[in-house]
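Colleague: What follows is a structure written as structure tokens; I'll ask about it next.
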Number of protein chains: 2
Amino acid sequence: MQATKVSMDTIVSLSKRRGFVYPSSEIYGGYASFWDYGPMGVELKRNIKDAWWQDIVRRRPEVVGLETSIIMHPQVWQASGHLQNFNDLLVDCRNCKQRFRADHLPSYEENVAKGLPNPLEGIACPNCGVRDQWTDARPFNTMFKTYVGPVEDEANTTYLRPETAQGMFVQFANVLGSSRQKLPFGIAQMGKSFRNEITTGNFIFRLRELEQMELEYFVRPGDDDHWYEYWRDYTMEWFTGLGAKRENLRLRPHDPATLSHYSKGTTDLEYLFPFGWGELWGVANRTDFDLKAHSAGSGQQLTYFDEETREHIVPYVIEPALGVDRAFLVFMLDAYDEEPDKDGTRVVLRFHPRLAPVKVAVLPLSKKEPLASTARELRDQLSTRYAAEYDETGSIGKRYRRQDEIGTPLCVTVDFQTQEDNAVTIRDRDSMSQDRVPLAELEAAIRAKLGF
Amino acid sequence: MQATKVSMDTIVSLSKRRGFVYPSSEIYGGYASFWDYGPMGVELKRNIKDAWWQDIVRRRPEVVGLETSIIMHPQVWQASGHLQNFNDLLVDCRNCKQRFRADHLPSYEENVAKGLPNPLEGIACPNCGVRDQWTDARPFNTMFKTYVGPVEDEANTTYLRPETAQGMFVQFANVLGSSRQKLPFGIAQMGKSFRNEITTGNFIFRLRELEQMELEYFVRPGDDDHWYEYWRDYTMEWFTGLGAKRENLRLRPHDPATLSHYSKGTTDLEYLFPFGWGELWGVANRTDFDLKAHSAGSGQQLTYFDEETREHIVPYVIEPALGVDRAFLVFMLDAYDEEPDKDGTRVVLRFHPRLAPVKVAVLPLSKKEPLASTARELRDQLSTRYAAEYDETGSIGKRYRRQDEIGTPLCVTVDFQTQEDNAVTIRDRDSMSQDRVPLAELEAAIRAKLGF
């Protein structure tokens, strides 16, 4: 299947109309870079998270889950380096007073790479076009600040986490103590993170409130290159296995000169978004940086006892870090398809069956009894196992189109024959073929078609 | 089965030892009223949330899900009344400088109910015992504050949500527009909420960062009493259906004099915690208060068009609001059991099979081959459907006890006979009975024993 190249506007509009994504606080004019998930979106998001959890945690005997709090002790961010390093460089244009992230200005990063003493020199303001009216660049820490307890002072200041990863390092000893894992082993976490972004936009690509799925995979020093390559390749397999298109994905190794301070090597799985290539899943070799940093910060030993060598070692860690919202956007974009049909254009979201928000819709050909009751009972019965919807409104053709637009793989139609032959029709989203199936074999037929 | 009455200390200690719950940021001395979920805890929590989502959203055709952001536009909290009303009354003891929530002081609420002009009069400080050294009570808003964007001023101030409910009211029109529901219908959400509590403690009962599962069930005005009773009774059924003990639960209607400003009636499902009766699941008839408040605040119409009467109406809403962390604590407490056995005491968590973090453990009788490989392959195969664990360390009796302590309903043992008879033993957590089952029938036997 060749996908239609779809614009972001089309996806934003479909998302709102069919209940995938709404602007947050929309009745109050919206709130920049915050978005909400509607009835279909929340199911798609759950399915993405469940697929990741199933594949990364439950299927793998050497990976365990964890859920640490969003608000942690401020010393966590001192020790991790976030208080010092989690900054964006801000500049203002003196002419039009607009504020920008320096590294988002055209040519800024090239100028830095060239080693220019003032990398802002000669850059025109993207807003007013005037050159060289930049203020000095100044660092802005993008962690959201808050106060714990009734007094708003420095002693009570802490931050919303900008990544879930630090939770795994801080709880490393507890997890090791209660799960008795041997190297290599992983600790995985899904959850919200917060970044006070200055440049906003691009729908759910860059969010101030985002959700992450992160794995910290602890390995013996020396085995780190092997596991770095393993997880790098895994990212591509996982996305294509769930229906993302190979031609829209690429692996981009970071230039060694621009690596984060903690990283020995980083590769991003990138996706060709409507606005260009963008980071989807970052895989970093964080070495022993984090465990050593928290060991130094807390005075606690964060090591692994190697029973073979009888030594305490500090493992290296490979981190595949994926944003749920970006994964959501990728699966929406790659699922989107349009094809001409007799009524004009059929819009269909070709989701992988594991990801589709609704697996099966049950449609009575008419609202009349006993068709409607039979269809309703069928939905109730199927819903013990599959996300199932009932719809009786409008012509059957219109109802098929509605299900196509939310990506429902199968429609089960109850018709006037059903009372006589105890059979229903299963209609396939992609091929639009229709099979007559006896009611007694319906669940087995659905299982065979969905693959689970 | 008669449960052992268990102390909170026992549960806190088991939770840490077996990876259910850890103190947050523990290597930095912990952080008051923040807790983390370990490998077993995260699975138990997921199972509780999945059970709720399955029962409340997926099984019910008239309920849809939603996920709104934690950080919303500050006008949401202005319109909802939280900026004015979400306060605790704080008082300090002038003698010992300790700070208290006034309504947590002994006799304070009785004195308010009696109508005393100064309800603090005569109350002794619970810390130093001195009477009548109280400062005036002053309101403290318990929403966590933060700043969106780089400038920390009033215009950029907003709050972490203290409840998920407002998201459903703010997105009411969008959900209605994209899901075409008819009254009565519900919008459900699970997610984190934050409350800057002053009095902390009692493990995960009162948290500053908590997770909620809330349903807003919209009904025709006039039908609200019926649905209020329906959902009130449902709370009891849901908990007992998942293994909570009837004798530890009670429904307590609020005194009409102490109802929240938005409520026509509230009943709490309460549980007998080790420290006494405490709120578990609050069911409130919020009337049309919230939709009207946000309609007034935003200038947008938040109504439902009744096709029968051709009128726009503002629905009433019944809200069953449950804390995930409290549900977690209840299921831990009611699952806990001790029984004498030949080695001393057997500790067993008698979780309902839907909630157990691990459904089945596969244990080779010996680490020798081919037993270990057979057991590992069996675990991999079972893990496509059930959370499954492999354990080869220690005597078989010790491994059964380890599984009992995390509440695993079934253990599958691969022994020296397995190679010959192609069969394994299934050991039941509660009865400790052992059945020999052919490998070809293993999945069916597990399904029959677990019930899914």
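So you can find residues: chains in the structure tokens are A, B, ... in the order shown, residues in each start at 1, and ligands are numbered from 1 in order.
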Compute the set of chain B residues within 7 Å of chain A, using only C-alpha atoms, and express it as an MDAnalysis selection string.

Modeller: chainID B and resid 17:19 24:25 27:28 31 34:39 42 58:59 61 64:69 72:73 75 144:149 170 175 178 196 198 298 300 380 383:384 387 389

Colleague: Go through range 23-109 of chain A and collect every residue that DSSP, computed from the backbone, puts in strand (DSSP E or B); the answer should be as a list in words.

Modeller: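 Filtering range 23-109 of chain A to strand (DSSP E or B) leaves Pro23, Trp35, Asp36, Tyr37, Val63, Val64, Gly65, Glu67, Ile71, Asn87, Asp88, Leu89, Leu90, Val91, Asp92, Cys93, Arg99, Phe100 and Arg101 of chain A.
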
Colleague: Could you write those residues out with N, CA and C atoms, as a tab-separated table (two decimals), in the first residue's frame?

Modeller:
chain	number	residue	atom	x	y	z
A	23	PRO	N	-7.09	20.42	21.36
A	23	PRO	CA	-6.26	21.41	22.06
A	23	PRO	C	-6.65	21.43	23.54
A	35	TRP	N	-1.81	19.43	24.90
A	35	TRP	CA	-2.88	18.81	24.11
A	35	TRP	C	-3.54	17.71	24.94
A	36	ASP	N	-4.79	17.42	24.62
A	36	ASP	CA	-5.53	16.36	25.32
A	36	ASP	C	-5.87	15.24	24.35
A	37	TYR	N	-6.03	14.04	24.88
A	37	TYR	CA	-6.41	12.90	24.06
A	37	TYR	C	-7.90	12.58	24.25
A	63	VAL	N	13.87	-7.82	32.04
A	63	VAL	CA	13.47	-6.42	32.21
A	63	VAL	C	12.31	-6.34	33.21
A	64	VAL	N	12.42	-5.41	34.15
A	64	VAL	CA	11.34	-5.19	35.11
A	64	VAL	C	10.84	-3.75	34.99
A	65	GLY	N	9.63	-3.52	35.44
A	65	GLY	CA	9.03	-2.19	35.37
A	65	GLY	C	9.25	-1.41	36.65
A	67	GLU	N	7.77	2.60	38.52
A	67	GLU	CA	7.06	3.88	38.36
A	67	GLU	C	7.47	4.81	39.48
A	71	ILE	N	7.46	14.33	40.86
A	71	ILE	CA	8.15	15.27	41.75
A	71	ILE	C	9.10	14.47	42.63
A	87	ASN	N	19.48	23.44	30.05
A	87	ASN	CA	19.17	24.81	29.68
A	87	ASN	C	18.95	24.94	28.18
A	88	ASP	N	18.09	25.88	27.82
A	88	ASP	CA	18.05	26.38	26.45
A	88	ASP	C	18.70	27.75	26.46
A	89	LEU	N	19.35	28.10	25.32
A	89	LEU	CA	19.90	29.44	25.19
A	89	LEU	C	18.82	30.33	24.58
A	90	LEU	N	18.46	31.40	25.30
A	90	LEU	CA	17.44	32.31	24.80
A	90	LEU	C	18.07	33.60	24.28
A	91	VAL	N	17.50	34.12	23.20
A	91	VAL	CA	17.87	35.46	22.73
A	91	VAL	C	16.59	36.20	22.36
A	92	ASP	N	16.64	37.52	22.52
A	92	ASP	CA	15.54	38.37	22.07
A	92	ASP	C	16.02	39.22	20.91
A	93	CYS	N	15.08	39.51	20.01
A	93	CYS	CA	15.37	40.47	18.96
A	93	CYS	C	15.04	41.86	19.53
A	99	ARG	N	11.11	36.54	21.18
A	99	ARG	CA	12.11	35.71	21.88
A	99	ARG	C	12.29	34.38	21.14
A	100	PHE	N	13.52	33.92	21.04
A	100	PHE	CA	13.83	32.69	20.31
A	100	PHE	C	14.79	31.81	21.10
A	101	ARG	N	14.74	30.51	20.79
A	101	ARG	CA	15.81	29.61	21.23
A	101	ARG	C	16.92	29.78	20.22

Colleague: Could you find all residues in range 249-380 of chain A that DSSP calls alpha helix (DSSP H) from the backbone, and write them as number ranges by chain?

Modeller: A: 289-298, 324-335, 371-380

Colleague: Need to verify the contact set: Arg131 in chain B, 9 Å, only C-alpha atoms, exclusion of same-chain residues closer than 6 positions in sequence. Can you return it as a list in words?

Modeller: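 Near Arg131 in chain B, the qualifying residues are Cys93, Glu121, Gly122, Ile123, Ala124 and Cys125 of chain B.
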
Colleague: Restricted to all heavy atoms, what would the selected residues look like written as a CSV table (one decimal), in the first residue's frame?

Modeller:
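The new file again-v1.csv reads:
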chain,number,residue,atom,x,y,z
B,93,CYS,N,1.1,26.2,66.5
B,93,CYS,CA,1.2,26.3,67.9
B,93,CYS,C,2.3,27.3,68.3
B,93,CYS,O,3.4,27.1,67.9
B,93,CYS,CB,1.4,25.0,68.5
B,93,CYS,SG,1.8,25.0,70.3
B,121,GLU,N,-10.7,27.0,70.5
B,121,GLU,CA,-10.6,27.2,72.0
B,121,GLU,C,-10.6,25.9,72.7
B,121,GLU,O,-11.4,25.0,72.6
B,121,GLU,CB,-11.8,28.1,72.4
B,121,GLU,CG,-11.6,28.8,73.7
B,121,GLU,CD,-12.9,29.7,74.0
B,121,GLU,OE1,-13.3,30.4,73.1
B,121,GLU,OE2,-13.4,29.5,75.1
B,122,GLY,N,-9.6,25.8,73.6
B,122,GLY,CA,-9.5,24.7,74.5
B,122,GLY,C,-8.8,23.5,73.9
B,122,GLY,O,-8.6,22.5,74.6
B,123,ILE,N,-8.4,23.5,72.6
B,123,ILE,CA,-7.8,22.3,72.1
B,123,ILE,C,-6.3,22.3,72.4
B,123,ILE,O,-5.6,23.4,72.3
B,123,ILE,CB,-7.9,22.3,70.5
B,123,ILE,CG1,-9.4,22.3,70.1
B,123,ILE,CG2,-7.1,21.2,69.9
B,123,ILE,CD1,-9.6,22.2,68.6
B,124,ALA,N,-5.8,21.2,72.9
B,124,ALA,CA,-4.4,21.1,73.3
B,124,ALA,C,-3.6,20.7,72.1
B,124,ALA,O,-4.0,19.9,71.2
B,124,ALA,CB,-4.3,20.0,74.4
B,125,CYS,N,-2.4,21.2,72.0
B,125,CYS,CA,-1.5,20.9,70.9
B,125,CYS,C,-1.1,19.4,70.9
B,125,CYS,O,-0.6,19.0,72.0
B,125,CYS,CB,-0.3,21.8,71.0
B,125,CYS,SG,1.0,21.3,69.8

Colleague: Within 12 Å of Gln419 in chain B, counting only C-alpha atoms, which residues show up once you throw out same-chain ones fewer than 2 positions away? Write them as a PDB file with C-alpha atoms, in the first residue's frame, please.

Modeller:
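Contents of result_39.pdb, freshly written:
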ATOM      1  CA  PRO B 364      12.596 -26.040  37.061  1.00  0.00           C
ATOM      2  CA  GLU B 369      19.544 -29.223  31.611  1.00  0.00           C
ATOM      3  CA  PRO B 370      17.224 -29.932  29.985  1.00  0.00           C
ATOM      4  CA  LEU B 371      15.002 -28.826  32.882  1.00  0.00           C
ATOM      5  CA  ALA B 372      16.149 -25.198  32.898  1.00  0.00           C
ATOM      6  CA  SER B 373      15.787 -24.720  29.126  1.00  0.00           C
ATOM      7  CA  THR B 374      12.385 -26.387  29.073  1.00  0.00           C
ATOM      8  CA  ALA B 375      11.214 -24.111  31.889  1.00  0.00           C
ATOM      9  CA  VAL B 414       9.232 -28.732  35.414  1.00  0.00           C
ATOM     10  CA  ASP B 415      10.730 -31.871  36.933  1.00  0.00           C
ATOM     11  CA  PHE B 416      12.775 -34.912  35.942  1.00  0.00           C
ATOM     12  CA  GLN B 417       9.591 -36.711  34.797  1.00  0.00           C
ATOM     13  CA  ASP B 421       5.656 -37.901  30.345  1.00  0.00           C
ATOM     14  CA  ASN B 422       5.499 -34.460  28.680  1.00  0.00           C
ATOM     15  CA  ALA B 423       3.696 -33.160  31.721  1.00  0.00           C
ATOM     16  CA  VAL B 424       4.238 -30.572  34.440  1.00  0.00           C
ATOM     17  CA  PRO B 438       0.108 -32.651  30.078  1.00  0.00           C
ATOM     18  CA  LEU B 439       2.061 -29.857  28.369  1.00  0.00           C
TER      19      LEU B 439
END

Colleague: Using only C-alpha atoms, determine which residues lie at most 9 Å from Arg346 in chain B, disregarding the query and same-chain residues fewer than 5 positions distant; provide the list as a CSV table (one decimal) with N, CA, C and O atoms, in the first residue's frame.

Modeller:
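Saved the output as around_27.csv:
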chain,number,residue,atom,x,y,z
B,337,ASP,N,-2.1,-12.4,54.2
B,337,ASP,CA,-2.4,-13.5,55.1
B,337,ASP,C,-1.2,-14.2,55.6
B,337,ASP,O,-0.2,-14.3,54.9
B,338,GLU,N,-1.3,-14.7,56.8
B,338,GLU,CA,-0.2,-15.5,57.4
B,338,GLU,C,-0.8,-16.8,57.8
B,338,GLU,O,-1.9,-16.8,58.4
B,339,GLU,N,-0.1,-17.9,57.6
B,339,GLU,CA,-0.6,-19.2,58.2
B,339,GLU,C,0.6,-20.0,58.7
B,339,GLU,O,1.7,-20.0,58.0
B,340,PRO,N,0.4,-20.7,59.8
B,340,PRO,CA,1.5,-21.5,60.3
B,340,PRO,C,1.8,-22.7,59.4
B,340,PRO,O,0.9,-23.2,58.8
B,341,ASP,N,3.1,-23.0,59.2
B,341,ASP,CA,3.4,-24.2,58.4
B,341,ASP,C,4.6,-24.8,59.1
B,341,ASP,O,5.1,-24.3,60.0
B,401,ARG,N,7.4,-20.3,48.3
B,401,ARG,CA,7.2,-19.2,49.4
B,401,ARG,C,7.4,-17.8,48.8
B,401,ARG,O,6.7,-16.9,49.1
B,404,ASP,N,4.4,-17.1,46.8
B,404,ASP,CA,3.3,-16.8,47.7
B,404,ASP,C,3.3,-15.4,48.2
B,404,ASP,O,2.3,-14.7,48.3
B,405,GLU,N,4.5,-14.9,48.5
B,405,GLU,CA,4.7,-13.6,49.1
B,405,GLU,C,4.4,-12.5,48.1
B,405,GLU,O,4.2,-11.3,48.5

Colleague: In Å, with one decimal, what is the gap from CA of His352 in chain B to CA of Ala444 in chain B?

Modeller: 18.9 Å

Colleague: What's around Met236 in chain A at 9 Å? Count only C-alpha atoms, leave out sequence neighbours fewer than 5 positions away in its own chain, and write the answer as a PyMOL selection string.

Modeller: chain A and resi 241+246+249-251+269

Colleague: Write out, as a PDB file, in the first residue's frame, the residues just selected, with all heavy atoms.

Modeller:
ATOM      1  N   GLY A 241       7.458  -3.179  12.717  1.00  0.00           N
ATOM      2  CA  GLY A 241       6.617  -4.316  13.109  1.00  0.00           C
ATOM      3  C   GLY A 241       5.203  -3.891  13.475  1.00  0.00           C
ATOM      4  O   GLY A 241       4.274  -4.690  13.430  1.00  0.00           O
ATOM      5  N   ARG A 246       8.939   1.852   6.532  1.00  0.00           N
ATOM      6  CA  ARG A 246      10.399   1.845   6.523  1.00  0.00           C
ATOM      7  C   ARG A 246      10.981   3.077   5.846  1.00  0.00           C
ATOM      8  O   ARG A 246      11.975   3.646   6.315  1.00  0.00           O
ATOM      9  CB  ARG A 246      10.895   0.558   5.832  1.00  0.00           C
ATOM     10  CG  ARG A 246      12.409   0.416   5.736  1.00  0.00           C
ATOM     11  CD  ARG A 246      13.045   0.321   7.118  1.00  0.00           C
ATOM     12  NE  ARG A 246      14.504   0.343   7.056  1.00  0.00           N
ATOM     13  CZ  ARG A 246      15.230   1.452   6.949  1.00  0.00           C
ATOM     14  NH1 ARG A 246      14.643   2.636   6.868  1.00  0.00           N
ATOM     15  NH2 ARG A 246      16.548   1.384   6.943  1.00  0.00           N
ATOM     16  N   LEU A 249      11.569   6.221   7.937  1.00  0.00           N
ATOM     17  CA  LEU A 249      12.406   6.073   9.132  1.00  0.00           C
ATOM     18  C   LEU A 249      13.878   6.022   8.735  1.00  0.00           C
ATOM     19  O   LEU A 249      14.223   5.489   7.683  1.00  0.00           O
ATOM     20  CB  LEU A 249      12.043   4.774   9.867  1.00  0.00           C
ATOM     21  CG  LEU A 249      10.647   4.706  10.479  1.00  0.00           C
ATOM     22  CD1 LEU A 249      10.294   3.264  10.845  1.00  0.00           C
ATOM     23  CD2 LEU A 249      10.540   5.589  11.719  1.00  0.00           C
ATOM     24  N   ARG A 250      14.731   6.553   9.599  1.00  0.00           N
ATOM     25  CA  ARG A 250      16.174   6.391   9.387  1.00  0.00           C
ATOM     26  C   ARG A 250      16.873   6.435  10.739  1.00  0.00           C
ATOM     27  O   ARG A 250      16.371   7.033  11.701  1.00  0.00           O
ATOM     28  CB  ARG A 250      16.723   7.478   8.461  1.00  0.00           C
ATOM     29  CG  ARG A 250      16.804   8.852   9.104  1.00  0.00           C
ATOM     30  CD  ARG A 250      17.431   9.892   8.176  1.00  0.00           C
ATOM     31  NE  ARG A 250      17.585  11.164   8.875  1.00  0.00           N
ATOM     32  CZ  ARG A 250      17.826  12.327   8.273  1.00  0.00           C
ATOM     33  NH1 ARG A 250      17.941  12.380   6.944  1.00  0.00           N
ATOM     34  NH2 ARG A 250      17.966  13.440   8.977  1.00  0.00           N
ATOM     35  N   LEU A 251      18.052   5.818  10.794  1.00  0.00           N
ATOM     36  CA  LEU A 251      18.883   5.866  11.998  1.00  0.00           C
ATOM     37  C   LEU A 251      19.968   6.910  11.760  1.00  0.00           C
ATOM     38  O   LEU A 251      20.706   6.838  10.777  1.00  0.00           O
ATOM     39  CB  LEU A 251      19.510   4.497  12.268  1.00  0.00           C
ATOM     40  CG  LEU A 251      18.544   3.439  12.796  1.00  0.00           C
ATOM     41  CD1 LEU A 251      19.162   2.043  12.727  1.00  0.00           C
ATOM     42  CD2 LEU A 251      18.125   3.743  14.245  1.00  0.00           C
ATOM     43  N   LEU A 269      16.554   7.232  16.152  1.00  0.00           N
ATOM     44  CA  LEU A 269      15.642   6.797  15.104  1.00  0.00           C
ATOM     45  C   LEU A 269      14.834   8.043  14.743  1.00  0.00           C
ATOM     46  O   LEU A 269      14.200   8.647  15.614  1.00  0.00           O
ATOM     47  CB  LEU A 269      14.707   5.688  15.606  1.00  0.00           C
ATOM     48  CG  LEU A 269      13.677   5.200  14.580  1.00  0.00           C
ATOM     49  CD1 LEU A 269      14.347   4.439  13.438  1.00  0.00           C
ATOM     50  CD2 LEU A 269      12.616   4.311  15.247  1.00  0.00           C
TER      51      LEU A 269
END
